[in-house]
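Enquirer: Input target-v4.cif, format and content: mmCIF, C-alpha atoms.
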```cif
data_upload
#
loop_
_atom_site.label_atom_id
_atom_site.label_comp_id
_atom_site.auth_asym_id
_atom_site.auth_seq_id
_atom_site.Cartn_x
_atom_site.Cartn_y
_atom_site.Cartn_z
CA MET A 886 0.00 0.00 0.00
CA GLY A 887 1.45 3.35 -1.02
CA ASN A 888 1.87 6.47 1.05
CA THR A 889 -0.41 8.59 -1.15
CA LEU A 890 -4.11 8.69 -1.88
CA VAL A 891 -5.68 10.04 -5.05
CA PHE A 892 -8.86 12.05 -4.48
CA LEU A 893 -10.59 13.82 -7.38
CA GLY A 894 -7.38 13.49 -9.37
CA ILE A 895 -5.26 15.08 -6.63
CA SER A 896 -2.52 13.11 -4.87
CA VAL A 897 -2.37 13.71 -1.13
CA ASN A 898 -0.26 12.32 1.70
CA ALA A 899 -2.31 9.41 3.05
CA ARG A 900 -1.12 9.78 6.63
CA GLU A 901 -1.87 13.49 6.81
CA ALA A 902 -5.22 13.03 5.05
CA LEU A 903 -6.44 10.39 7.51
CA ILE A 904 -5.24 12.33 10.56
CA ALA A 905 -7.09 15.37 9.16
CA LEU A 906 -10.15 13.16 8.66
CA GLY A 907 -9.96 12.17 12.33
CA ALA A 908 -9.86 15.80 13.41
CA LEU A 909 -12.71 16.68 11.05
CA SER A 910 -14.81 13.77 12.34
CA PHE A 911 -14.44 15.09 15.87
CA ALA A 912 -15.12 18.70 14.86
CA LEU A 913 -18.33 17.77 13.04
CA MET A 914 -19.62 15.16 15.48
CA LEU A 915 -19.38 17.34 18.59
CA PRO A 916 -21.66 20.21 17.44
CA ALA A 917 -23.97 17.69 15.74
CA LEU A 918 -24.48 15.96 19.08
CA ARG A 919 -25.21 19.28 20.75
CA LEU A 920 -27.83 20.10 18.11
CA TRP A 921 -29.43 16.66 18.38
CA GLN A 922 -29.76 17.03 22.15
CA GLY A 923 -31.08 20.59 21.93
CA ARG A 924 -28.05 22.08 23.69
CA ARG A 925 -26.10 25.25 23.00
CA VAL A 926 -23.75 24.92 20.05
CA LEU A 927 -22.12 28.35 19.86
CA PRO A 928 -19.77 27.93 22.88
CA VAL A 929 -18.47 24.67 21.42
CA LEU A 930 -17.97 26.21 17.97
CA ILE A 931 -16.00 29.07 19.51
CA ALA A 932 -13.86 26.70 21.58
CA LEU A 933 -13.05 24.29 18.73
CA PRO A 934 -10.33 26.35 16.95
CA PHE A 935 -8.64 27.21 20.27
CA GLY A 936 -8.81 23.57 21.33
CA ALA A 937 -7.35 22.44 18.00
CA ALA A 938 -4.39 24.80 18.35
CA ALA A 939 -3.83 23.74 21.96
CA ALA A 940 -4.02 20.07 20.98
CA LEU A 941 -1.40 20.52 18.26
CA TYR A 942 1.12 22.33 20.43
CA LEU A 943 0.55 20.27 23.58
CA GLY A 944 0.76 17.06 21.56
CA ARG A 945 4.03 18.18 19.99
CA LEU A 946 5.45 19.43 23.30
CA ILE A 947 4.88 16.05 24.94
CA GLN A 948 6.30 14.25 21.90
CA TRP A 949 9.41 16.48 22.06
CA TYR A 950 9.84 15.84 25.79
CA CYS A 951 9.82 12.07 25.30
CA LEU A 952 11.79 12.01 22.04
CA SER A 953 13.90 15.15 22.20
CA GLU A 954 16.70 13.38 20.32
CA SER A 955 14.46 13.35 17.24
CA TYR A 956 14.49 17.16 17.02
CA THR A 957 17.33 19.65 16.76
CA SER A 958 15.75 21.88 19.41
CA LEU A 959 12.49 22.68 21.17
CA GLY A 960 12.04 25.70 18.92
CA ALA A 961 12.41 23.57 15.81
CA ALA A 962 9.97 21.00 17.14
CA MET A 963 7.31 23.62 17.89
CA SER A 964 7.76 25.64 14.69
CA ASP A 965 7.61 22.84 12.10
CA LEU A 966 4.47 20.84 12.80
CA ARG A 967 4.36 19.08 9.43
CA THR A 968 7.22 16.76 10.34
CA GLY A 969 7.49 14.60 13.43
CA GLY A 970 4.79 13.17 15.63
CA PHE A 971 2.22 14.16 18.21
CA SER A 972 1.05 12.62 21.46
CA LEU A 973 -2.66 11.98 21.95
CA VAL A 974 -2.14 12.86 25.60
CA GLY A 975 -1.87 16.50 24.53
CA VAL A 976 -5.11 16.20 22.55
CA PHE A 977 -6.95 14.84 25.58
CA ALA A 978 -5.51 17.55 27.82
CA ALA A 979 -6.63 20.25 25.39
CA ALA A 980 -10.15 18.83 25.05
CA ILE A 981 -10.75 18.46 28.79
CA GLY A 982 -9.13 21.83 29.47
CA CYS A 983 -11.45 23.57 27.00
CA ALA A 984 -14.46 21.81 28.55
CA TRP A 985 -13.57 23.08 32.01
CA LEU A 986 -12.90 26.59 30.69
CA LEU A 987 -16.38 26.63 29.20
CA ARG A 988 -17.72 25.55 32.57
CA LEU A 989 -15.71 28.11 34.55
CA THR A 990 -16.75 30.98 32.27
CA GLY A 991 -20.40 29.96 32.50
CA ALA A 992 -20.64 29.32 28.74
CA GLU A 993 -21.51 25.66 29.45
CA LYS A 994 -23.09 24.60 32.72
CA ASP A 995 -23.65 20.94 31.89
CA ILE A 996 -20.04 19.76 32.14
CA ARG A 997 -20.98 16.09 32.56
CA GLY A 998 -23.07 16.11 29.40
CA LEU A 999 -20.28 17.88 27.51
CA LEU A 1000 -17.75 15.28 28.65
CA ASP A 1001 -20.06 12.53 27.39
CA ASP A 1002 -20.22 14.28 24.01
CA LEU A 1003 -16.43 14.66 23.94
CA ALA A 1004 -16.00 10.95 24.63
CA LEU A 1005 -18.30 9.93 21.78
CA SER A 1006 -16.83 12.42 19.30
CA GLY A 1007 -13.27 11.69 20.40
CA SER A 1008 -13.61 7.94 19.93
CA LEU A 1009 -14.70 8.47 16.32
CA GLY A 1010 -11.85 10.92 15.71
CA ILE A 1011 -9.29 8.51 17.14
CA ALA A 1012 -10.66 5.63 15.04
CA ALA A 1013 -10.15 7.64 11.85
CA GLY A 1014 -6.90 9.35 12.84
CA ARG A 1015 -5.10 6.21 13.97
CA LEU A 1016 -5.56 4.71 10.52
CA GLY A 1017 -3.22 7.43 9.26
CA GLU A 1018 -0.33 5.81 11.09
CA ARG A 1019 -0.80 2.75 8.89
CA PHE A 1020 0.97 4.82 6.23
CA GLY A 1021 3.95 5.71 8.41
CA SER A 1022 6.71 3.95 10.30
CA ALA A 1023 4.90 4.28 13.63
CA ASP A 1024 2.58 1.34 13.01
CA ARG A 1025 5.30 -1.17 13.76
CA GLY A 1026 4.58 -3.35 16.76
CA LYS A 1027 7.23 -5.30 18.62
CA ILE A 1028 5.51 -8.60 17.83
CA LEU A 1029 6.92 -10.32 14.75
CA ILE A 1030 4.17 -12.16 12.84
CA GLU A 1031 5.54 -15.28 11.17
CA ASN A 1032 2.25 -17.05 10.41
CA GLU A 1033 1.54 -16.31 6.74
CA ALA A 1034 -2.21 -16.48 7.33
CA LEU A 1035 -1.88 -13.47 9.66
CA GLN A 1036 0.43 -11.46 7.42
CA ARG A 1037 -2.27 -8.99 6.41
CA LEU A 1038 -4.41 -6.29 7.94
CA PRO A 1039 -5.82 -6.03 10.51
CA PHE A 1040 -3.38 -8.47 12.11
CA SER A 1041 -0.05 -7.20 10.82
CA ALA A 1042 1.57 -4.67 8.50
CA VAL A 1043 4.79 -4.60 6.55
CA ALA A 1044 7.54 -2.57 8.23
CA ILE A 1045 11.11 -1.90 7.16
CA HIS A 1046 13.66 -2.81 9.81
CA PRO A 1047 15.60 0.38 10.69
CA VAL A 1048 18.97 -1.45 10.75
CA SER A 1049 18.82 -4.32 8.25
CA GLY A 1050 16.45 -2.60 5.83
CA GLU A 1051 14.50 -5.84 5.40
CA ALA A 1052 10.72 -5.97 5.22
CA GLU A 1053 9.03 -7.60 8.22
CA TRP A 1054 5.46 -8.37 9.16
CA ARG A 1055 4.79 -6.74 12.53
CA PHE A 1056 1.67 -6.50 14.66
CA ALA A 1057 -0.39 -3.56 13.36
CA THR A 1058 -0.69 -1.74 16.68
CA PHE A 1059 -2.41 1.41 15.44
CA CYS A 1060 -4.80 -0.53 13.23
CA ALA A 1061 -5.88 -2.47 16.34
CA GLN A 1062 -6.22 0.80 18.27
CA SER A 1063 -8.36 2.21 15.48
CA MET A 1064 -10.72 -0.76 15.65
CA TRP A 1065 -10.85 -0.52 19.45
CA ALA A 1066 -11.73 3.17 19.27
CA PHE A 1067 -14.46 2.48 16.70
CA PHE A 1068 -15.88 -0.20 19.00
CA LEU A 1069 -15.97 2.40 21.79
CA PHE A 1070 -17.73 4.80 19.44
CA LEU A 1071 -20.43 2.22 18.69
CA LEU A 1072 -20.76 1.34 22.38
CA LEU A 1073 -21.10 4.97 23.48
CA ALA A 1074 -23.47 5.81 20.60
CA SER A 1075 -25.69 2.87 21.57
CA ARG A 1076 -25.66 4.03 25.18
CA MET A 1077 -26.58 7.58 24.22
CA MET A 1078 -29.40 6.43 21.95
CA ARG A 1079 -30.76 4.17 24.67
CA LEU A 1080 -30.71 6.95 27.26
CA SER A 1081 -32.41 9.37 24.86
CA ARG A 1082 -35.53 7.23 25.11
CA ARG A 1083 -35.54 7.26 28.91
CA GLU A 1084 -37.15 9.72 31.28
CA ASN A 1085 -35.40 13.04 31.94
CA GLU A 1086 -34.61 12.10 35.55
CA LEU A 1087 -32.75 8.95 34.49
CA ARG A 1088 -30.86 10.80 31.75
CA GLU A 1089 -29.73 13.42 34.26
CA ARG A 1090 -28.58 10.75 36.70
CA GLU A 1091 -26.59 8.95 33.99
CA LYS A 1092 -24.79 12.04 32.69
CA GLY A 1093 -21.02 11.67 32.84
CA GLY A 1094 -21.29 7.89 32.81
CA GLY A 1095 -20.37 7.70 29.13
CA PHE A 1096 -17.19 9.67 29.77
CA LEU A 1097 -16.22 7.41 32.66
CA LEU A 1098 -16.92 4.33 30.54
CA PHE A 1099 -14.76 5.75 27.75
CA VAL A 1100 -11.90 6.58 30.12
CA THR A 1101 -12.02 3.09 31.60
CA LEU A 1102 -12.05 1.16 28.34
CA TYR A 1103 -9.75 3.47 26.39
CA CYS A 1104 -7.12 3.51 29.15
CA GLU A 1105 -7.25 -0.27 29.46
CA GLY A 1106 -6.74 -0.52 25.72
CA GLN A 1107 -3.76 1.85 25.92
CA ILE A 1108 -2.14 -0.20 28.69
CA LEU A 1109 -2.30 -3.25 26.44
CA PHE A 1110 -1.60 -1.67 23.05
CA ASP A 1111 1.19 0.59 24.25
CA SER A 1112 3.00 -2.49 25.53
CA THR A 1113 3.14 -3.79 21.96
CA ARG A 1114 4.46 -0.55 20.44
CA TYR A 1115 7.96 -0.38 19.08
CA ASP A 1116 8.08 3.40 19.65
CA ALA A 1117 6.09 3.99 22.84
CA LEU A 1118 6.75 7.28 24.62
CA PHE A 1119 8.62 7.10 27.93
CA LEU A 1120 9.29 9.65 30.64
CA ARG A 1121 12.93 10.67 30.77
CA SER A 1122 13.24 9.28 34.29
CA ASN A 1123 11.63 5.92 33.46
CA GLY A 1124 12.35 3.42 30.72
CA PHE A 1125 10.26 0.47 31.88
CA VAL A 1126 6.62 1.58 31.81
CA SER A 1127 5.52 3.97 29.07
CA MET A 1128 4.11 7.41 29.78
CA GLU A 1129 0.68 6.45 28.43
CA GLN A 1130 0.60 3.35 30.62
CA ILE A 1131 1.40 5.47 33.68
CA LEU A 1132 -1.25 8.05 32.81
CA SER A 1133 -3.78 5.30 32.05
CA LEU A 1134 -3.17 3.72 35.44
CA THR A 1135 -3.59 7.15 37.07
CA ALA A 1136 -6.85 7.82 35.20
CA LEU A 1137 -8.28 4.40 36.04
CA THR A 1138 -7.41 4.85 39.71
CA ALA A 1139 -9.11 8.27 39.65
CA VAL A 1140 -12.25 6.69 38.15
CA MET A 1141 -12.27 4.02 40.85
CA ILE A 1142 -11.84 6.61 43.62
CA LEU A 1143 -14.71 8.68 42.20
CA LEU A 1144 -16.96 5.63 42.01
CA THR A 1145 -16.00 4.68 45.56
CA VAL A 1146 -17.08 8.11 46.80
CA ARG A 1147 -20.38 7.67 44.99
CA CYS A 1148 -20.81 4.19 46.48
CA VAL A 1149 -20.34 5.58 49.98
CA ARG A 1150 -22.86 8.32 49.31
CA ALA A 1151 -25.31 5.73 48.01
CA GLY A 1152 -25.00 3.80 51.27
CA ALA A 1153 -23.04 0.83 49.90
CA ALA A 1154 -21.78 -1.67 52.46
CA ARG A 1155 -18.10 -1.34 53.37
CA GLY A 1156 -17.54 -5.00 52.52
CA SER A 1157 -18.80 -4.48 48.96
CA VAL A 1158 -16.51 -1.49 48.42
CA LEU A 1159 -13.51 -3.40 49.76
CA ALA A 1160 -14.34 -6.32 47.47
CA TYR A 1161 -14.41 -4.00 44.45
CA TRP A 1162 -11.03 -2.59 45.39
CA ALA A 1163 -9.59 -6.07 45.90
CA LEU A 1164 -10.75 -7.04 42.40
CA PHE A 1165 -9.40 -3.76 41.00
CA LEU A 1166 -5.96 -4.07 42.61
CA GLY A 1167 -5.74 -7.79 41.89
CA GLY A 1168 -6.46 -7.19 38.22
CA PHE A 1169 -3.86 -4.46 38.02
CA GLY A 1170 -1.35 -6.64 39.83
CA LEU A 1171 -1.79 -9.39 37.24
CA ALA A 1172 -1.61 -6.94 34.32
CA GLY A 1173 1.50 -5.29 35.77
CA PHE A 1174 3.27 -8.60 36.32
CA MET A 1175 2.53 -9.70 32.76
CA GLU A 1176 3.98 -6.43 31.46
CA TYR A 1177 7.15 -7.25 33.39
CA TYR A 1178 7.03 -10.82 32.08
CA VAL A 1179 6.56 -9.97 28.39
CA GLN A 1180 9.49 -7.55 28.43
CA ARG A 1181 11.72 -10.43 29.44
CA HIS A 1182 10.05 -13.21 27.46
CA GLY A 1183 8.98 -11.52 24.24
CA GLY A 1184 8.35 -14.83 22.50
CA ALA A 1185 5.56 -15.64 24.95
CA PHE A 1186 3.43 -12.70 23.85
CA LEU A 1187 0.21 -14.72 23.43
CA PHE A 1188 0.48 -16.04 26.97
CA SER A 1189 1.53 -12.67 28.38
CA TYR A 1190 -1.06 -10.53 26.66
CA GLY A 1191 -3.75 -13.12 27.25
CA LEU A 1192 -3.26 -12.94 31.02
CA MET A 1193 -2.83 -9.15 30.85
CA THR A 1194 -6.26 -8.99 29.20
CA VAL A 1195 -7.69 -11.13 32.00
CA GLY A 1196 -6.26 -8.72 34.58
CA LEU A 1197 -7.64 -5.68 32.78
CA ALA A 1198 -11.03 -7.41 32.49
CA ALA A 1199 -11.03 -7.73 36.29
CA VAL A 1200 -10.28 -4.00 36.57
CA PHE A 1201 -13.19 -3.24 34.25
CA ALA A 1202 -15.50 -5.53 36.22
CA ALA A 1203 -14.56 -3.74 39.45
CA THR A 1204 -15.41 -0.33 37.98
CA ARG A 1205 -18.71 -1.55 36.52
CA LEU A 1206 -19.75 -3.17 39.81
CA ALA A 1207 -18.90 0.01 41.68
CA ALA A 1208 -20.78 2.13 39.11
CA ALA A 1209 -23.87 -0.07 39.43
CA LYS A 1210 -23.76 0.10 43.23
CA ALA A 1211 -23.30 3.89 43.11
CA ARG A 1212 -26.50 4.28 41.03
CA LYS A 1213 -28.65 2.66 43.72
CA PRO A 1214 -30.43 5.12 46.06
CA SER A 1215 -29.08 5.43 49.56
CA SER A 1216 -30.79 3.23 52.13
CA ALA A 1217 -30.64 6.16 54.52
CA GLY A 1218 -32.72 8.22 52.07
#
```
Could you express the structure from this file as structure tokens?

Expert:
Amino acid sequence: MGNTLVFLGISVNAREALIALGALSFALMLPALRLWQGRRVLPVLIALPFGAAAALYLGRLIQWYCLSESYTSLGAAMSDLRTGGFSLVGVFAAAIGCAWLLRLTGAEKDIRGLLDDLALSGSLGIAAGRLGERFGSADRGKILIENEALQRLPFSAVAIHPVSGEAEWRFATFCAQSMWAFFLFLLLASRMMRLSRRENELREREKGGGFLLFVTLYCEGQILFDSTRYDALFLRSNGFVSMEQILSLTALTAVMILLTVRCVRAGAARGSVLAYWALFLGGFGLAGFMEYYVQRHGGAFLFSYGLMTVGLAAVFAATRLAAAKARKPSSAG
């Protein structure tokens, strides 16, 4: 597959075109959701260009911090945005930052509903944008695919070894991430459609739940997928666990703490809450050990990632059980 696409007789860079498509998908979906729900669109339209600029520069700044050797200087990295990469962490930071600014200025009072809309729009944007990396060197997983039946998308992609120059079939990490993000889009869209048919009181009570569900599943996917990446971003002080894995763990812990607070307010029994945390920590312990294991036994990736998935499934189950318990009315009420 070449690195260019022909559209209406015009050749364009495939990677840049698909990343632009991802950004456009997000920019169109977000106001469309606001219109469909009868909410204010103007504040979002005003915030979009500022958020896009912030996402570009924050994404590049984080990329430069982790891979400063790839740029001649910080100034060069920030001035030439057509070359080099970007970190999605900066995109998320810009989106959430803009949402809170709208809330603080009073332009948007329903922050939980806005976060739900951002999650749905963002998952579609990521699904489209990640396909762009299929046309670059970034979509080169650490897993070497030797089974000829799997030497095709979506399982693997051809990559040129940076030293030998030979073509290899490697796990198509970003293609898998794209499919995962599209699954999240379908899941969140189904949830939103289902809630739109419910009573207003239930819809109000469920606001923000889509965002928490997105954070949980997306971060779990990043913990797994980032482990397979050949070029994952690492903090300068740490070369074992990637930056996105650390941030994903932090975000998942924050979700669990929030749900715990809600469980307590709903009058949940202390034993239930402790059981959820035991499942949460046990799942993370298993996932963390398998990350350690696969870095030392790369050939056992099926075994390692299989058990890592089991651990992350336990983490997800803990958050869902806590969320369900938190939705129940307090017995004291």

Enquirer: Go through A:Gly982, A:Gly969, A:Gly1095, A:Gly1014 and flag the residue nearest Ser910 in chain A, using all atoms listed in the file for the distances.

Expert: A:Gly1014

Enquirer: Set the distance at 7 Å and use all atoms listed in the file: which residues neighbour Ala1207 in chain A once local chain neighbours fewer than 6 positions away are removed? I'd like the list as a PDB file with C-alpha atoms, in the frame of the given file.

Expert:
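Final file, result31.pdb:
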```
ATOM      1  CA  LEU A1144     -16.960   5.630  42.010  1.00  0.00           C
ATOM      2  CA  THR A1145     -16.000   4.680  45.560  1.00  0.00           C
ATOM      3  CA  CYS A1148     -20.810   4.190  46.480  1.00  0.00           C
ATOM      4  CA  TYR A1161     -14.410  -4.000  44.450  1.00  0.00           C
TER       5      TYR A1161
END
```

Enquirer: So which one's closest to Ala932 in chain A, A:Leu1206, A:Ile947, A:Ala912, A:Ala1185? Using only C-alpha atoms, please.

Expert: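 Closest to Ala932 in chain A of all the choices is A:Ala912.
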
Enquirer: Considering only C-alpha atoms, can you say which of A:Ser1041, A:Glu993, A:Leu1137, A:Ser964 comes closest to Leu927 in chain A?

Expert: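 Under the stated criterion, the closest residue is A:Glu993.
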
Enquirer: Residues picked by the PyMOL selection byres ((chain A and resi 1112) around 9) here, as a PyMOL selection string?

Expert: chain A and resi 1026-1027+1107-1111+1113-1115+1117+1126-1127+1130+1176+1179-1180

Enquirer: Mind checking which residues fall within 8 Å of Ile1011 in chain A, counting only C-alpha atoms, ignoring those fewer than 2 positions away in the same chain, and posting them as a VMD selection string?

Expert: chain A and resid 907 1007 to 1009 1013 to 1015 1063 1066 to 1067

Enquirer: With all atoms listed in the file as the counted atoms, please give the residues lying no more than 9 Å from range 1165-1173 of chain A, apart from itself and same-chain residues fewer than 5 positions off, as a list of chain:residue names.

Expert: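 The filter keeps A:Ile1108, A:Leu1109, A:Leu1134, A:Thr1138, A:Met1141, A:Ala1160, A:Tyr1178, A:Ser1189, A:Tyr1190, A:Leu1192, A:Met1193, A:Thr1194, A:Val1195, A:Gly1196, A:Leu1197, A:Ala1198, A:Ala1199, A:Val1200, A:Phe1201, A:Ala1202, A:Ala1203, A:Thr1204.
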